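Enquirer: Contents of model_27.txt (compact mmCIF, N, CA and C atoms) are given next:
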# COMPACT_ATOMS: atom_id res chain seq x y z
N GLU A 137 95.25 71.33 71.84
CA GLU A 137 96.41 70.66 72.39
C GLU A 137 96.05 70.10 73.76
N GLU A 138 96.23 68.78 73.95
CA GLU A 138 95.89 68.15 75.21
C GLU A 138 97.04 68.28 76.20
N ALA A 139 96.65 68.47 77.46
CA ALA A 139 97.66 68.53 78.52
C ALA A 139 98.14 67.12 78.82
N ASP A 140 99.41 66.99 79.17
CA ASP A 140 99.95 65.70 79.55
C ASP A 140 99.27 65.24 80.84
N GLU A 141 98.96 63.95 80.92
CA GLU A 141 98.38 63.42 82.14
C GLU A 141 99.47 63.27 83.18
N VAL A 142 99.11 63.57 84.41
CA VAL A 142 100.05 63.44 85.52
C VAL A 142 99.79 62.10 86.19
N GLU A 143 100.83 61.30 86.29
CA GLU A 143 100.72 59.99 86.90
C GLU A 143 100.73 60.12 88.41
N ASP A 144 99.79 59.43 89.08
CA ASP A 144 99.79 59.42 90.54
C ASP A 144 100.99 58.63 91.02
N VAL A 145 101.73 59.21 91.96
CA VAL A 145 102.93 58.56 92.48
C VAL A 145 102.77 58.41 93.98
N ASP A 146 103.02 57.22 94.47
CA ASP A 146 102.99 56.96 95.90
C ASP A 146 104.33 57.42 96.48
N PRO A 147 104.30 58.42 97.38
CA PRO A 147 105.57 58.92 97.94
C PRO A 147 106.39 57.83 98.62
N GLN A 148 105.73 56.79 99.13
CA GLN A 148 106.44 55.70 99.78
C GLN A 148 107.33 54.95 98.79
N GLU A 149 106.95 54.98 97.50
CA GLU A 149 107.69 54.23 96.49
C GLU A 149 108.73 55.07 95.75
N MET A 150 108.81 56.35 96.10
CA MET A 150 109.76 57.23 95.41
C MET A 150 111.17 57.01 95.94
N GLU A 151 112.12 57.02 95.06
CA GLU A 151 113.51 56.95 95.45
C GLU A 151 114.00 58.37 95.69
N VAL A 152 114.94 58.52 96.58
CA VAL A 152 115.54 59.84 96.81
C VAL A 152 116.37 60.19 95.59
N ALA A 153 116.13 61.36 95.05
CA ALA A 153 116.86 61.78 93.86
C ALA A 153 118.33 62.00 94.19
N GLU A 154 119.14 61.80 93.21
CA GLU A 154 120.57 62.04 93.38
C GLU A 154 120.94 63.33 92.65
N CYS A 155 121.79 64.12 93.25
CA CYS A 155 122.24 65.36 92.64
C CYS A 155 123.73 65.27 92.38
N ASP A 156 124.12 65.70 91.21
CA ASP A 156 125.54 65.71 90.87
C ASP A 156 126.17 66.93 91.51
N THR A 157 127.01 66.70 92.49
CA THR A 157 127.66 67.81 93.20
C THR A 157 129.14 67.90 92.84
N GLY A 158 129.48 67.43 91.68
CA GLY A 158 130.88 67.48 91.26
C GLY A 158 131.44 66.09 91.16
N SER A 159 132.45 65.81 91.97
CA SER A 159 133.13 64.52 91.87
C SER A 159 132.32 63.37 92.45
N ASN A 160 131.35 63.67 93.31
CA ASN A 160 130.51 62.60 93.84
C ASN A 160 129.07 63.06 93.92
N SER A 161 128.18 62.13 94.14
CA SER A 161 126.76 62.46 94.23
C SER A 161 126.31 62.36 95.68
N ALA A 162 125.32 63.15 96.00
CA ALA A 162 124.75 63.13 97.34
C ALA A 162 123.24 63.16 97.21
N SER A 163 122.55 62.59 98.17
CA SER A 163 121.09 62.62 98.12
C SER A 163 120.61 64.03 98.42
N LEU A 164 119.41 64.32 97.97
CA LEU A 164 118.82 65.63 98.26
C LEU A 164 118.73 65.85 99.77
N ALA A 165 118.40 64.81 100.50
CA ALA A 165 118.30 64.94 101.96
C ALA A 165 119.64 65.36 102.55
N ASP A 166 120.73 64.76 102.07
CA ASP A 166 122.06 65.13 102.57
C ASP A 166 122.36 66.59 102.26
N ILE A 167 121.98 67.02 101.07
CA ILE A 167 122.23 68.41 100.66
C ILE A 167 121.42 69.36 101.53
N VAL A 168 120.13 69.06 101.72
CA VAL A 168 119.27 69.94 102.51
C VAL A 168 119.75 70.00 103.95
N TYR A 169 119.96 68.84 104.58
CA TYR A 169 120.40 68.83 105.97
C TYR A 169 121.78 69.43 106.15
N GLY A 170 122.61 69.35 105.13
CA GLY A 170 123.97 69.87 105.23
C GLY A 170 124.12 71.32 104.80
N CYS A 171 123.05 71.94 104.36
CA CYS A 171 123.17 73.32 103.88
C CYS A 171 123.53 74.25 105.03
N SER A 172 124.16 75.36 104.70
CA SER A 172 124.53 76.32 105.74
C SER A 172 123.53 77.47 105.83
N VAL A 173 122.71 77.64 104.79
CA VAL A 173 121.72 78.72 104.78
C VAL A 173 120.61 78.35 103.79
N VAL A 174 119.40 78.81 104.07
CA VAL A 174 118.27 78.64 103.16
C VAL A 174 118.01 79.99 102.51
N VAL A 175 118.00 80.02 101.18
CA VAL A 175 117.80 81.28 100.44
C VAL A 175 116.66 81.08 99.45
N ALA A 176 115.73 82.03 99.43
CA ALA A 176 114.60 81.96 98.51
C ALA A 176 114.25 83.36 98.04
N LEU A 177 114.46 83.63 96.77
CA LEU A 177 114.16 84.94 96.18
C LEU A 177 112.91 84.78 95.32
N HIS A 178 111.85 85.43 95.73
CA HIS A 178 110.55 85.34 95.05
C HIS A 178 110.17 83.88 94.83
N PRO A 179 110.03 83.12 95.93
CA PRO A 179 109.77 81.68 95.81
C PRO A 179 108.31 81.30 95.58
N ASP A 180 107.46 82.28 95.29
CA ASP A 180 106.04 82.01 95.06
C ASP A 180 105.44 81.25 96.24
N GLN A 181 104.79 80.12 95.98
CA GLN A 181 104.11 79.38 97.04
C GLN A 181 105.06 78.78 98.08
N ALA A 182 106.34 78.78 97.83
CA ALA A 182 107.30 78.13 98.74
C ALA A 182 107.88 79.07 99.79
N ALA A 183 107.40 80.29 99.89
CA ALA A 183 107.96 81.23 100.87
C ALA A 183 107.82 80.70 102.30
N GLU A 184 106.62 80.33 102.66
CA GLU A 184 106.40 79.83 104.03
C GLU A 184 107.17 78.54 104.25
N ALA A 185 107.14 77.64 103.28
CA ALA A 185 107.85 76.36 103.42
C ALA A 185 109.36 76.58 103.57
N SER A 186 109.90 77.57 102.88
CA SER A 186 111.33 77.87 102.99
C SER A 186 111.69 78.33 104.39
N ILE A 187 110.85 79.17 104.96
CA ILE A 187 111.10 79.65 106.33
C ILE A 187 110.91 78.52 107.32
N ARG A 188 109.86 77.72 107.14
CA ARG A 188 109.63 76.59 108.04
C ARG A 188 110.80 75.60 107.99
N LEU A 189 111.32 75.35 106.79
CA LEU A 189 112.47 74.46 106.65
C LEU A 189 113.65 75.00 107.46
N ALA A 190 113.95 76.28 107.28
CA ALA A 190 115.07 76.88 108.00
C ALA A 190 114.85 76.83 109.51
N LEU A 191 113.63 77.12 109.96
CA LEU A 191 113.35 77.07 111.39
C LEU A 191 113.48 75.64 111.91
N ASP A 192 112.96 74.68 111.18
CA ASP A 192 113.04 73.28 111.61
C ASP A 192 114.49 72.79 111.68
N LEU A 193 115.31 73.23 110.72
CA LEU A 193 116.71 72.81 110.68
C LEU A 193 117.62 73.71 111.50
N GLN A 194 117.06 74.77 112.05
CA GLN A 194 117.81 75.78 112.80
C GLN A 194 118.96 76.34 111.97
N LYS A 195 118.61 76.74 110.75
CA LYS A 195 119.58 77.32 109.81
C LYS A 195 119.26 78.79 109.61
N PRO A 196 120.27 79.61 109.37
CA PRO A 196 119.99 80.99 108.97
C PRO A 196 119.28 80.98 107.62
N PHE A 197 118.53 82.03 107.36
CA PHE A 197 117.82 82.09 106.08
C PHE A 197 117.65 83.51 105.61
N ALA A 198 117.39 83.62 104.31
CA ALA A 198 117.07 84.89 103.67
C ALA A 198 115.98 84.60 102.66
N VAL A 199 114.78 85.14 102.90
CA VAL A 199 113.63 84.89 102.03
C VAL A 199 113.02 86.22 101.63
N VAL A 200 112.84 86.42 100.33
CA VAL A 200 112.14 87.59 99.80
C VAL A 200 110.83 87.09 99.21
N PRO A 201 109.75 87.13 100.01
CA PRO A 201 108.46 86.66 99.50
C PRO A 201 107.95 87.57 98.39
N CYS A 202 107.10 87.02 97.54
CA CYS A 202 106.52 87.85 96.49
C CYS A 202 105.00 87.79 96.56
N CYS A 203 104.40 86.83 95.95
CA CYS A 203 102.95 86.78 95.83
C CYS A 203 102.31 86.12 97.05
N VAL A 204 101.08 86.51 97.35
CA VAL A 204 100.38 86.05 98.55
C VAL A 204 99.73 84.68 98.34
N TYR A 205 99.13 84.43 97.20
CA TYR A 205 98.42 83.18 96.91
C TYR A 205 97.38 82.89 97.99
N ALA A 206 96.56 83.88 98.29
CA ALA A 206 95.55 83.74 99.34
C ALA A 206 94.59 82.59 99.08
N ALA A 207 94.19 82.39 97.84
CA ALA A 207 93.25 81.31 97.53
C ALA A 207 93.86 79.93 97.75
N GLU A 208 95.17 79.80 97.57
CA GLU A 208 95.84 78.52 97.74
C GLU A 208 96.19 78.22 99.20
N PHE A 209 96.16 79.26 100.05
CA PHE A 209 96.49 79.09 101.46
C PHE A 209 95.39 79.71 102.33
N PRO A 210 94.17 79.19 102.23
CA PRO A 210 93.05 79.81 102.96
C PRO A 210 93.14 79.66 104.47
N LYS A 211 93.98 78.76 104.97
CA LYS A 211 94.10 78.56 106.42
C LYS A 211 95.08 79.53 107.06
N ARG A 212 95.81 80.31 106.26
CA ARG A 212 96.70 81.32 106.85
C ARG A 212 95.84 82.40 107.49
N LYS A 213 96.08 82.62 108.77
CA LYS A 213 95.31 83.61 109.51
C LYS A 213 96.26 84.56 110.22
N LEU A 214 95.86 85.80 110.26
CA LEU A 214 96.59 86.83 110.99
C LEU A 214 95.55 87.58 111.81
N LYS A 215 95.68 87.48 113.11
CA LYS A 215 94.69 88.09 114.02
C LYS A 215 93.29 87.62 113.69
N GLY A 216 93.17 86.33 113.33
CA GLY A 216 91.88 85.74 113.06
C GLY A 216 91.33 85.95 111.66
N ASN A 217 92.00 86.76 110.86
CA ASN A 217 91.52 87.06 109.51
C ASN A 217 92.42 86.42 108.46
N PRO A 218 91.85 86.07 107.31
CA PRO A 218 92.68 85.49 106.24
C PRO A 218 93.78 86.45 105.78
N VAL A 219 94.93 85.89 105.45
CA VAL A 219 96.05 86.68 104.92
C VAL A 219 95.79 86.91 103.44
N ARG A 220 95.58 88.19 103.06
CA ARG A 220 95.22 88.50 101.68
C ARG A 220 96.16 89.48 100.99
N SER A 221 96.86 90.31 101.76
CA SER A 221 97.73 91.31 101.15
C SER A 221 99.20 90.95 101.36
N TYR A 222 100.05 91.59 100.58
CA TYR A 222 101.49 91.37 100.70
C TYR A 222 101.98 91.74 102.10
N HIS A 223 101.51 92.86 102.62
CA HIS A 223 101.94 93.31 103.95
C HIS A 223 101.47 92.33 105.03
N GLU A 224 100.27 91.78 104.85
CA GLU A 224 99.80 90.77 105.80
C GLU A 224 100.65 89.50 105.71
N LEU A 225 101.03 89.12 104.49
CA LEU A 225 101.89 87.94 104.33
C LEU A 225 103.22 88.14 105.04
N LEU A 226 103.82 89.31 104.88
CA LEU A 226 105.09 89.60 105.57
C LEU A 226 104.93 89.50 107.08
N GLU A 227 103.86 90.07 107.60
CA GLU A 227 103.63 90.02 109.04
C GLU A 227 103.39 88.57 109.50
N TYR A 228 102.58 87.84 108.75
CA TYR A 228 102.31 86.44 109.07
C TYR A 228 103.61 85.62 109.11
N LEU A 229 104.43 85.78 108.09
CA LEU A 229 105.68 85.03 108.02
C LEU A 229 106.63 85.45 109.13
N GLN A 230 106.70 86.74 109.39
CA GLN A 230 107.62 87.23 110.41
C GLN A 230 107.21 86.76 111.80
N GLN A 231 105.92 86.57 112.01
CA GLN A 231 105.46 86.14 113.33
C GLN A 231 105.59 84.64 113.55
N MET A 232 106.16 83.93 112.58
CA MET A 232 106.43 82.51 112.79
C MET A 232 107.47 82.30 113.88
N ASP A 233 108.34 83.29 114.06
CA ASP A 233 109.35 83.25 115.11
C ASP A 233 109.74 84.70 115.40
N PRO A 234 109.71 85.10 116.67
CA PRO A 234 109.99 86.50 117.00
C PRO A 234 111.42 86.95 116.68
N ARG A 235 112.31 86.01 116.37
CA ARG A 235 113.69 86.38 116.02
C ARG A 235 113.85 86.75 114.55
N ILE A 236 112.81 86.53 113.75
CA ILE A 236 112.89 86.85 112.32
C ILE A 236 112.97 88.37 112.16
N GLN A 237 113.96 88.80 111.38
CA GLN A 237 114.16 90.22 111.12
C GLN A 237 113.64 90.58 109.73
N ARG A 238 113.50 91.87 109.50
CA ARG A 238 112.99 92.35 108.22
C ARG A 238 113.76 93.59 107.78
N THR A 239 114.06 93.66 106.49
CA THR A 239 114.67 94.85 105.90
C THR A 239 114.26 94.93 104.44
N ASP A 240 114.32 96.12 103.88
CA ASP A 240 114.03 96.30 102.45
C ASP A 240 115.33 96.35 101.68
N LEU A 241 115.37 95.62 100.57
CA LEU A 241 116.55 95.61 99.70
C LEU A 241 116.43 96.71 98.66
N ASP A 242 117.56 97.07 98.06
CA ASP A 242 117.61 98.20 97.12
C ASP A 242 117.39 97.73 95.68
N PHE A 243 116.15 97.30 95.38
CA PHE A 243 115.76 97.03 94.00
C PHE A 243 114.24 97.20 93.91
N GLU A 244 113.75 97.36 92.70
CA GLU A 244 112.33 97.61 92.50
C GLU A 244 111.53 96.32 92.63
N GLY A 245 110.26 96.47 92.92
CA GLY A 245 109.37 95.32 93.06
C GLY A 245 109.31 94.85 94.50
N LYS A 246 108.84 93.64 94.68
CA LYS A 246 108.76 93.06 96.02
C LYS A 246 110.19 92.86 96.52
N ASN A 247 110.57 93.65 97.51
CA ASN A 247 111.98 93.68 97.92
C ASN A 247 112.20 93.55 99.42
N THR A 248 111.19 93.06 100.14
CA THR A 248 111.34 92.92 101.58
C THR A 248 111.96 91.57 101.91
N LEU A 249 113.06 91.64 102.62
CA LEU A 249 113.80 90.45 103.02
C LEU A 249 113.45 90.08 104.45
N LEU A 250 113.04 88.83 104.65
CA LEU A 250 112.86 88.27 105.98
C LEU A 250 114.06 87.36 106.21
N PHE A 251 114.69 87.46 107.38
CA PHE A 251 115.92 86.71 107.58
C PHE A 251 116.21 86.45 109.04
N MET A 252 117.06 85.44 109.25
CA MET A 252 117.68 85.18 110.54
C MET A 252 119.15 84.87 110.27
N THR A 253 120.00 85.36 111.14
CA THR A 253 121.44 85.16 111.01
C THR A 253 121.87 84.03 111.95
N PRO A 254 123.10 83.54 111.80
CA PRO A 254 123.59 82.54 112.76
C PRO A 254 123.53 83.05 114.20
N ASP A 255 123.78 84.34 114.40
CA ASP A 255 123.72 84.90 115.75
C ASP A 255 122.31 84.84 116.33
N ASP A 256 121.30 84.93 115.47
CA ASP A 256 119.92 84.86 115.96
C ASP A 256 119.63 83.50 116.59
N TRP A 257 120.29 82.45 116.10
CA TRP A 257 120.07 81.12 116.66
C TRP A 257 120.71 80.98 118.03
N LYS A 258 121.62 81.88 118.39
CA LYS A 258 122.22 81.85 119.73
C LYS A 258 121.18 82.25 120.77
N LEU A 259 120.17 82.98 120.33
CA LEU A 259 119.04 83.31 121.21
C LEU A 259 118.12 82.10 121.20
N THR A 260 118.51 81.06 121.94
CA THR A 260 117.83 79.78 121.82
C THR A 260 116.39 79.80 122.31
N GLU A 261 116.09 80.64 123.26
CA GLU A 261 114.72 80.71 123.73
C GLU A 261 113.95 81.69 122.87
N LYS A 262 112.81 81.23 122.39
CA LYS A 262 111.92 82.14 121.69
C LYS A 262 111.39 83.14 122.71
N LEU A 263 111.04 84.30 122.23
CA LEU A 263 110.40 85.27 123.10
C LEU A 263 109.03 84.72 123.46
N SER A 264 108.35 85.37 124.38
CA SER A 264 107.05 84.85 124.81
C SER A 264 106.10 84.72 123.63
N PRO A 265 105.24 83.69 123.66
CA PRO A 265 104.32 83.48 122.54
C PRO A 265 103.39 84.67 122.35
N SER A 266 103.12 84.97 121.10
CA SER A 266 102.22 86.07 120.79
C SER A 266 100.91 85.50 120.29
N SER A 267 99.95 86.35 120.05
CA SER A 267 98.68 85.90 119.50
C SER A 267 98.89 85.30 118.12
N ALA A 268 99.92 85.74 117.39
CA ALA A 268 100.21 85.18 116.07
C ALA A 268 100.59 83.72 116.19
N ASP A 269 101.31 83.35 117.27
CA ASP A 269 101.66 81.96 117.47
C ASP A 269 100.41 81.11 117.61
N MET A 270 99.41 81.67 118.26
CA MET A 270 98.16 80.94 118.41
C MET A 270 97.48 80.79 117.07
N ASP A 271 97.52 81.83 116.24
CA ASP A 271 96.94 81.74 114.89
C ASP A 271 97.66 80.68 114.09
N LEU A 272 98.99 80.61 114.22
CA LEU A 272 99.75 79.59 113.50
C LEU A 272 99.39 78.20 113.98
N ALA A 273 99.15 78.06 115.28
CA ALA A 273 98.79 76.76 115.82
C ALA A 273 97.49 76.25 115.19
N VAL A 274 96.56 77.15 114.96
CA VAL A 274 95.31 76.77 114.33
C VAL A 274 95.56 76.30 112.91
N VAL A 275 96.44 76.99 112.20
CA VAL A 275 96.75 76.64 110.81
C VAL A 275 97.39 75.26 110.73
N GLU A 276 98.22 74.92 111.70
CA GLU A 276 98.97 73.67 111.63
C GLU A 276 98.13 72.46 111.97
N LYS A 277 96.95 72.61 112.54
CA LYS A 277 96.11 71.46 112.89
C LYS A 277 95.63 70.73 111.68
Hey, can you dump this file as C-alpha cells for me?

Expert:
Amino acid sequence: EEADEVEDVDPQEMEVAECDTGSNSASLADIVYGCSVVVALHPDQAAEASIRLALDLQKPFAVVPCCVYAAEFPKRKLKGNPVRSYHELLEYLQQMDPRIQRTDLDFEGKNTLLFMTPDDWKLTEKLSPSSADMDLAVVEK
C-alpha cells in the first residue's frame, strides 16, 4: 500500500481556515486571539508550543505534557544538557516563565499539570532571569 503524497504548500498562499462557531463563522486567528484560556491535555509535540502561545498572548493556560520527543527537539537544553526525560521536560517547560505553576492531577499516567492563572498575569514583571532562561535563549536562535 503506497502512502499518499504530501503536496508542498506555500504558507504565503494559504487562506485562513474558517471555523463554524454556530450562527456565524470566524477565522482561526480570531478564535485563537479571542480565547480566554489555552488548554492542552497530552498534546504530544505541541506541549511547548501551547505554553509559548499562552505566554505570547498573555493568556492563562493548563497543559499536561506527555511524551518528551527528544529526537524531534534536539535543541531543547536544560542546564546545557539535552532534555531526554519526562521530569526534564517538565522542568524545561516550567522554566519558560518563573510564574508557571505545577501540580499533579488525580488520574493515572502522565498527570502533571503546568499552568498559569489570570492572577499570575497580574505579576507583570518576570522574576529575575535564571540560567534556564539563558538555555532557552540558545534554543530560540

Enquirer: Please give the complete set of residues from stretch 184-271 of chain A that DSSP, run on the backbone, assigns to helix (DSSP H, G or I), formatted as a list in words.

Expert: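 Everything in stretch 184-271 of chain A that counts as helix (DSSP H, G or I) is Glu184, Ala185, Ser186, Ile187, Arg188, Leu189, Ala190, Leu191, Asp192, Leu193, Tyr222, His223, Glu224, Leu225, Leu226, Glu227, Tyr228, Leu229, Gln230, Pro254, Asp255, Asp256, Trp257, Lys258, Ser267, Ala268, Asp269, Met270 and Asp271 of chain A.
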
Enquirer: Within 7 Å of (107.8, 88.0, 100.7) in the file's own coordinates, which protein, DNA or RNA residues have an atom, counting all atoms listed in the file? List them as a ChimeraX atom specification.

Expert: /A:178,183,199-203,225-226,246,248-250

Enquirer: Might you pull out every residue within 7 Å of stretch 216-223 of chain A, with all atoms listed in the file counted and same-chain residues fewer than 6 positions away left off, and present them as a list in words?

Expert: Cys202, Cys203, Val204, Tyr205, Ala206, Phe209, Pro210 and Asp271 of chain A

Enquirer: Which residues come within 8 Å of A:Ile236, counting all atoms listed in the file, excluding same-chain residues fewer than 5 positions away, as an MDAnalysis selection string?

Expert: chainID A and resid 229:231 249:253 256

Enquirer: Just asking: which residues within stretch 152-247 of chain A are strand (DSSP E) according to DSSP, as a PyMOL selection string?

Expert: chain A and resi 154-156+161-163+174-177+197-200+213-214+217-218+237-240

Enquirer: Quick check, in Å to one decimal: how far apart do atom CA of A:Phe243 and atom N of A:Leu177 lie?

Expert: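 Result for atom CA of A:Phe243 versus atom N of A:Leu177: 13.7 Å, one decimal.
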